[in-house]
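Okay, structure first, notes after.
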Amino acid sequence: MATTPLYDSAASVSKLPPSYDAIYTSVSTDSIQCKRSVFSFLRSKQKRPRAEVLSRTDEVLSRIHEIVSSPNFTPSSVAPIVKSCAAALPAAEFSDLLQQPNIEDHSALYWAIVTNKREALLEFTKFIPNLSPVCSSDLRLACMAANDHDSFMLLNLGGVVSPKDRSLMRILRCPQDDIQVYEGDDVGENCFSVRFVFRMFQKRLRITTTLEVEFVARGRIWTLHFYMGRKGKWCIEYRLSEHSLPVHANAVLQIQANKPPPGSDTPKHLCMTQTHTSQILRSEESFRYCHYTHEEARFGVFWRLDDWPMDDNTVYVDCDGTLTVGLKITIK
């Protein structure tokens, strides 16, 4: 079964999101400090009975559970504990243990995201070469629960939307798209905005004829999608991804112009406003299992574009092939 790469190879490590501030007081070293004696017997190379193997796995799982569930933990103690746990099991077994839903029906990584324990998340991922599809789905739920776009991008969880484009980017050695989400007082009440920077935009779109990315905002996963519509027109659409709760939204989308049109000194950005705002936006799965009319709900909101995505001289793509898009959504 295919697996999802943890990190995009083109993404710079220096762009990792900043560590969360420690918000808990540290506990005594006696209660959480990892001691070499605990695992000394586990590092033995001798073949052991099955009962002892199970005991070893249970001991490691207990330590991992303590890291993600303890209300009081010292962030600096996470790395030595995780390294000792990794040394106690074969590499593949430890990677699998971290991804299994063995803590309250979810994985250890899920709880590291939900409890905002970034240090634990970063340490865990060092021992996971590839995320399993089941774990990826689990972590997508975690990012929605925690409204954590940074972890969503860090773990490359949006790659499942367009695996063909993701593969193409590796072949082209295309840098990862930059997606920044802005929420809070600076944006406005009941609003959020997203800035997308698509690298090698035209080349990717011409090869795959579709380009879509995901982001996390307001406790949901959203999709922005470029595609060729039924009437032979390029379209751009935003919608909700799987498992995202319904929402009543209104959007304004702007595509940045990089140079002014002929006869002008000022670039003219392409601005599009959502015209139909009465329907509730629902994910595609909602339409599969429930019966809604188009008057009640809709799957996505789209705008038709001219043929400028195919124009080598378009003002919307810069000399490096980069397209910059802004999306502002107001929740009603």
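Order determines the names: the first chain of the structure tokens is A, the second B, and so forth; residues in each chain are numbered 1 upward, and ligands are numbered 1 upward as they are shown.
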Near Ala145 (chain A), within 9 Å and counting only C-alpha atoms, which residues show up once chain neighbours fewer than 6 positions away are dropped, as a PDB file with N, CA and C atoms, in the first residue's frame?
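Output below, filename around_39.pdb:
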ATOM      1  N   ILE A 113      -0.276  16.267  18.297  1.00  0.00           N
ATOM      2  CA  ILE A 113      -0.840  17.443  17.622  1.00  0.00           C
ATOM      3  C   ILE A 113      -1.958  18.053  18.450  1.00  0.00           C
ATOM      4  N   VAL A 114      -2.888  17.223  18.905  1.00  0.00           N
ATOM      5  CA  VAL A 114      -4.067  17.720  19.622  1.00  0.00           C
ATOM      6  C   VAL A 114      -3.676  18.403  20.931  1.00  0.00           C
ATOM      7  N   GLY A 219     -10.918  25.062  11.997  1.00  0.00           N
ATOM      8  CA  GLY A 219     -11.200  23.681  12.363  1.00  0.00           C
ATOM      9  C   GLY A 219     -11.688  22.812  11.219  1.00  0.00           C
ATOM     10  N   ARG A 220     -11.375  23.214   9.988  1.00  0.00           N
ATOM     11  CA  ARG A 220     -11.770  22.442   8.800  1.00  0.00           C
ATOM     12  C   ARG A 220     -10.591  22.350   7.838  1.00  0.00           C
TER      13      ARG A 220
END
List every residue of region 108-168 of chain A that has an atom at most 9 Å from any atom of region 201-216 of chain A, and for each one report the closest atom pair and its distance in Å to one decimal, counting only C-alpha atoms, with rows sorted by chain and then by increasing residue number, as JSON lines.
{"residue": "A:Cys143", "atom": "CA", "partner": "A:Val216", "partner_atom": "CA", "distance": 7.3}
{"residue": "A:Met144", "atom": "CA", "partner": "A:Val216", "partner_atom": "CA", "distance": 6.7}
{"residue": "A:Asn147", "atom": "CA", "partner": "A:Val216", "partner_atom": "CA", "distance": 6.4}
{"residue": "A:Asp148", "atom": "CA", "partner": "A:Val216", "partner_atom": "CA", "distance": 6.6}
{"residue": "A:His149", "atom": "CA", "partner": "A:Val216", "partner_atom": "CA", "distance": 4.8}
{"residue": "A:Asp150", "atom": "CA", "partner": "A:Val216", "partner_atom": "CA", "distance": 8.5}
{"residue": "A:Phe152", "atom": "CA", "partner": "A:Val216", "partner_atom": "CA", "distance": 7.3}
{"residue": "A:Met153", "atom": "CA", "partner": "A:Phe215", "partner_atom": "CA", "distance": 7.8}
{"residue": "A:Leu157", "atom": "CA", "partner": "A:Glu214", "partner_atom": "CA", "distance": 8.5}
{"residue": "A:Gly158", "atom": "CA", "partner": "A:Glu214", "partner_atom": "CA", "distance": 5.3}
{"residue": "A:Gly159", "atom": "CA", "partner": "A:Val213", "partner_atom": "CA", "distance": 7.8}
{"residue": "A:Val161", "atom": "CA", "partner": "A:Val213", "partner_atom": "CA", "distance": 6.9}
{"residue": "A:Ser162", "atom": "CA", "partner": "A:Glu212", "partner_atom": "CA", "distance": 6.4}
{"residue": "A:Lys164", "atom": "CA", "partner": "A:Thr208", "partner_atom": "CA", "distance": 7.4}
{"residue": "A:Asp165", "atom": "CA", "partner": "A:Thr208", "partner_atom": "CA", "distance": 6.8}
{"residue": "A:Leu168", "atom": "CA", "partner": "A:Arg204", "partner_atom": "CA", "distance": 7.4}
>> Can you tell me which residues surround Asp318 (chain A) at a distance of at most 12 Å, considering only C-alpha atoms, apart from same-chain residues fewer than 3 positions away, and format the answer as a ChimeraX atom specification?
In response: /A:197-202,255-259,309,311-315,321-324
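Atom to atom, CA of Ser136 (chain A) and CA of Met228 (chain A) stand 28.7 Å apart.
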> In region 33-264 of chain A, what's alpha helix (DSSP H) per DSSP? Answer as a VMD selection string?
Replying inline: chain A and resid 36 to 39 50 to 69 78 to 88 91 to 99 108 to 114 118 to 125 133 to 146 149 to 154 163 to 172 201 to 208
>> Among region 79-236 of chain A, which ones does DSSP assign to strand (DSSP E) (computed from the backbone)? Answer as a VMD selection string.
In response: chain A and resid 130 to 131 178 to 183 191 to 198 210 to 217 220 to 228 234 to 236
Dump as a short mmCIF file (atom, residue, chain, number, x, y, z; two decimals), in the first residue's frame, selection limited to N, CA and C atoms:
data_model
loop_
_atom_site.label_atom_id
_atom_site.label_comp_id
_atom_site.auth_asym_id
_atom_site.auth_seq_id
_atom_site.Cartn_x
_atom_site.Cartn_y
_atom_site.Cartn_z
N ASN A 130 8.00 6.91 6.46
CA ASN A 130 6.80 7.21 5.68
C ASN A 130 5.57 6.99 6.54
N LEU A 131 4.60 7.89 6.39
CA LEU A 131 3.33 7.73 7.10
C LEU A 131 2.44 6.75 6.35
N ASP A 178 3.86 27.47 -1.19
CA ASP A 178 3.80 28.16 0.10
C ASP A 178 2.35 28.54 0.37
N ILE A 179 1.80 28.05 1.48
CA ILE A 179 0.41 28.33 1.84
C ILE A 179 0.40 28.87 3.26
N GLN A 180 0.01 30.13 3.40
CA GLN A 180 -0.02 30.78 4.71
C GLN A 180 -1.47 31.12 5.07
N VAL A 181 -1.89 30.74 6.28
CA VAL A 181 -3.24 31.01 6.76
C VAL A 181 -3.18 32.08 7.84
N TYR A 182 -4.06 33.06 7.73
CA TYR A 182 -4.10 34.16 8.70
C TYR A 182 -5.48 34.21 9.35
N GLU A 183 -5.49 34.12 10.67
CA GLU A 183 -6.73 34.21 11.42
C GLU A 183 -6.52 35.15 12.61
N CYS A 191 -13.57 35.91 10.08
CA CYS A 191 -12.90 35.86 8.78
C CYS A 191 -11.55 35.14 8.90
N PHE A 192 -11.07 34.66 7.78
CA PHE A 192 -9.69 34.22 7.68
C PHE A 192 -9.25 34.45 6.24
N SER A 193 -7.96 34.57 6.05
CA SER A 193 -7.43 34.74 4.70
C SER A 193 -6.28 33.77 4.48
N VAL A 194 -6.06 33.44 3.22
CA VAL A 194 -5.02 32.48 2.85
C VAL A 194 -4.23 33.05 1.68
N ARG A 195 -2.94 32.91 1.74
CA ARG A 195 -2.06 33.34 0.65
C ARG A 195 -1.39 32.11 0.06
N PHE A 196 -1.58 31.91 -1.23
CA PHE A 196 -1.01 30.76 -1.94
C PHE A 196 0.08 31.24 -2.89
N VAL A 197 1.21 30.57 -2.87
CA VAL A 197 2.27 30.83 -3.84
C VAL A 197 2.54 29.51 -4.57
N PHE A 198 2.10 29.44 -5.82
CA PHE A 198 2.26 28.22 -6.63
C PHE A 198 3.50 28.35 -7.51
N THR A 210 -4.85 19.71 -13.88
CA THR A 210 -5.53 19.96 -12.61
C THR A 210 -4.48 20.25 -11.55
N LEU A 211 -4.81 21.16 -10.65
CA LEU A 211 -3.88 21.51 -9.58
C LEU A 211 -4.70 21.86 -8.35
N GLU A 212 -4.49 21.13 -7.28
CA GLU A 212 -5.26 21.40 -6.07
C GLU A 212 -4.40 21.24 -4.83
N VAL A 213 -4.69 22.09 -3.86
CA VAL A 213 -3.96 22.09 -2.60
C VAL A 213 -4.96 22.20 -1.45
N GLU A 214 -4.51 21.83 -0.26
CA GLU A 214 -5.37 21.89 0.92
C GLU A 214 -4.73 22.76 1.99
N PHE A 215 -5.58 23.26 2.88
CA PHE A 215 -5.10 24.03 4.02
C PHE A 215 -6.11 23.88 5.16
N VAL A 216 -5.67 24.23 6.37
CA VAL A 216 -6.51 24.11 7.56
C VAL A 216 -6.86 25.50 8.07
N ALA A 217 -8.14 25.73 8.32
CA ALA A 217 -8.61 26.99 8.90
C ALA A 217 -9.96 26.77 9.54
N ARG A 220 -11.38 23.21 9.99
CA ARG A 220 -11.77 22.44 8.80
C ARG A 220 -10.59 22.35 7.84
N ILE A 221 -10.65 21.36 6.95
CA ILE A 221 -9.69 21.28 5.85
C ILE A 221 -10.41 21.75 4.59
N TRP A 222 -9.79 22.70 3.91
CA TRP A 222 -10.35 23.29 2.70
C TRP A 222 -9.47 22.95 1.51
N THR A 223 -10.05 23.01 0.30
CA THR A 223 -9.31 22.74 -0.93
C THR A 223 -9.45 23.92 -1.89
N LEU A 224 -8.35 24.29 -2.53
CA LEU A 224 -8.38 25.23 -3.66
C LEU A 224 -7.95 24.47 -4.89
N HIS A 225 -8.74 24.56 -5.96
CA HIS A 225 -8.58 23.64 -7.09
C HIS A 225 -8.65 24.40 -8.42
N PHE A 226 -7.63 24.25 -9.26
CA PHE A 226 -7.65 24.72 -10.65
C PHE A 226 -7.94 23.51 -11.54
N TYR A 227 -8.82 23.66 -12.52
CA TYR A 227 -9.15 22.55 -13.41
C TYR A 227 -9.80 23.06 -14.68
N MET A 228 -9.87 22.19 -15.70
CA MET A 228 -10.55 22.52 -16.94
C MET A 228 -12.02 22.14 -16.81
N TRP A 234 -10.97 27.26 -18.15
CA TRP A 234 -10.29 27.00 -16.89
C TRP A 234 -11.11 27.55 -15.74
N CYS A 235 -11.14 26.81 -14.65
CA CYS A 235 -11.92 27.20 -13.47
C CYS A 235 -11.04 27.14 -12.23
N ILE A 236 -11.42 27.92 -11.23
CA ILE A 236 -10.80 27.84 -9.91
C ILE A 236 -11.93 27.71 -8.89
#
> Please, what distance in Å, to one decimal, runs between CA of Val317 (chain A) and CA of Pro262 (chain A)?
Replying inline: 15.9 Å
> Neighbours of region 97-107 of chain A within 7 Å (only C-alpha atoms; same-chain residues fewer than 6 positions away dropped), as a PyMOL selection string?
Replying inline: chain A and resi 65+135+138
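Using only C-alpha atoms for every distance, the candidate list A:Leu281, A:Val134, A:Ala92, A:Met272 yields A:Val134 as the residue closest to Tyr110 (chain A).
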> By how many Å are CA of Arg56 (chain A) and CA of Leu89 (chain A) apart?
Replying inline: 7.9 Å
>> Residues within 12 Å of Val301 (chain A), please, as a ChimeraX atom specification. Count only C-alpha atoms; anything in the same chain fewer than 2 positions from it doesn't count.
In response: /A:222-226,235-240,248-253,272-283,294,297-299,303-304,329
Go ahead and dump the residues you just picked, N, CA and C atoms, as a compact mmCIF listing (two decimals), in the first residue's frame.
# COMPACT_ATOMS: atom_id res chain seq x y z
N TRP A 222 -9.79 22.70 3.91
CA TRP A 222 -10.35 23.29 2.70
C TRP A 222 -9.47 22.95 1.51
N THR A 223 -10.05 23.01 0.30
CA THR A 223 -9.31 22.74 -0.93
C THR A 223 -9.45 23.92 -1.89
N LEU A 224 -8.35 24.29 -2.53
CA LEU A 224 -8.38 25.23 -3.66
C LEU A 224 -7.95 24.47 -4.89
N HIS A 225 -8.74 24.56 -5.96
CA HIS A 225 -8.58 23.64 -7.09
C HIS A 225 -8.65 24.40 -8.42
N PHE A 226 -7.63 24.25 -9.26
CA PHE A 226 -7.65 24.72 -10.65
C PHE A 226 -7.94 23.51 -11.54
N CYS A 235 -11.14 26.81 -14.65
CA CYS A 235 -11.92 27.20 -13.47
C CYS A 235 -11.04 27.14 -12.23
N ILE A 236 -11.42 27.92 -11.23
CA ILE A 236 -10.80 27.84 -9.91
C ILE A 236 -11.93 27.71 -8.89
N GLU A 237 -11.76 26.79 -7.95
CA GLU A 237 -12.85 26.45 -7.03
C GLU A 237 -12.30 26.29 -5.62
N TYR A 238 -13.10 26.67 -4.64
CA TYR A 238 -12.77 26.31 -3.26
C TYR A 238 -13.90 25.45 -2.71
N ARG A 239 -13.55 24.52 -1.83
CA ARG A 239 -14.55 23.61 -1.27
C ARG A 239 -14.02 23.04 0.04
N LEU A 240 -14.87 22.30 0.72
CA LEU A 240 -14.48 21.61 1.94
C LEU A 240 -13.95 20.22 1.61
N HIS A 248 -21.43 28.06 6.38
CA HIS A 248 -22.05 29.07 5.52
C HIS A 248 -20.98 30.13 5.27
N ALA A 249 -20.41 30.15 4.07
CA ALA A 249 -19.23 30.98 3.80
C ALA A 249 -19.44 31.88 2.60
N ASN A 250 -18.72 32.99 2.62
CA ASN A 250 -18.69 33.92 1.49
C ASN A 250 -17.24 34.24 1.21
N ALA A 251 -16.83 34.23 -0.05
CA ALA A 251 -15.41 34.35 -0.38
C ALA A 251 -15.13 35.43 -1.41
N VAL A 252 -13.94 35.99 -1.29
CA VAL A 252 -13.37 36.90 -2.29
C VAL A 252 -12.01 36.34 -2.67
N LEU A 253 -11.77 36.18 -3.96
CA LEU A 253 -10.51 35.60 -4.43
C LEU A 253 -9.79 36.61 -5.31
N MET A 272 -12.31 38.35 -7.85
CA MET A 272 -13.58 37.65 -8.07
C MET A 272 -14.31 37.50 -6.74
N THR A 273 -15.59 37.81 -6.75
CA THR A 273 -16.41 37.75 -5.54
C THR A 273 -17.48 36.69 -5.69
N GLN A 274 -17.72 35.95 -4.63
CA GLN A 274 -18.75 34.92 -4.62
C GLN A 274 -20.13 35.57 -4.76
N THR A 275 -20.90 35.09 -5.72
CA THR A 275 -22.22 35.69 -5.97
C THR A 275 -23.35 34.93 -5.29
N HIS A 276 -23.22 33.61 -5.17
CA HIS A 276 -24.26 32.80 -4.54
C HIS A 276 -23.85 32.53 -3.09
N THR A 277 -24.53 33.15 -2.16
CA THR A 277 -24.13 33.04 -0.75
C THR A 277 -25.21 32.44 0.14
N SER A 278 -26.30 31.97 -0.45
CA SER A 278 -27.41 31.49 0.38
C SER A 278 -27.26 30.02 0.79
N GLN A 279 -26.50 29.25 0.00
CA GLN A 279 -26.38 27.82 0.30
C GLN A 279 -25.28 27.53 1.31
N ILE A 280 -25.48 26.45 2.03
CA ILE A 280 -24.47 25.97 2.96
C ILE A 280 -23.44 25.14 2.20
N LEU A 281 -22.18 25.33 2.50
CA LEU A 281 -21.12 24.57 1.87
C LEU A 281 -20.90 23.28 2.64
N ARG A 282 -20.94 22.16 1.94
CA ARG A 282 -20.75 20.85 2.55
C ARG A 282 -19.69 20.06 1.80
N SER A 283 -19.08 19.10 2.47
CA SER A 283 -18.06 18.26 1.82
C SER A 283 -18.74 17.30 0.87
N HIS A 294 -29.74 21.64 -4.61
CA HIS A 294 -28.78 22.71 -4.84
C HIS A 294 -29.22 24.01 -4.18
N ALA A 297 -27.78 23.30 -0.34
CA ALA A 297 -26.35 23.19 -0.10
C ALA A 297 -25.61 23.05 -1.42
N ARG A 298 -24.32 23.25 -1.36
CA ARG A 298 -23.49 23.07 -2.55
C ARG A 298 -22.16 22.44 -2.16
N PHE A 299 -21.54 21.80 -3.15
CA PHE A 299 -20.31 21.07 -2.93
C PHE A 299 -19.10 22.01 -2.97
N TRP A 303 -15.18 29.85 -9.97
CA TRP A 303 -15.19 30.97 -10.90
C TRP A 303 -14.54 30.49 -12.20
N ARG A 304 -15.08 30.94 -13.34
CA ARG A 304 -14.47 30.63 -14.64
C ARG A 304 -13.39 31.66 -14.95
N ILE A 329 -12.17 34.43 3.27
CA ILE A 329 -13.47 33.79 3.51
C ILE A 329 -14.08 34.36 4.78
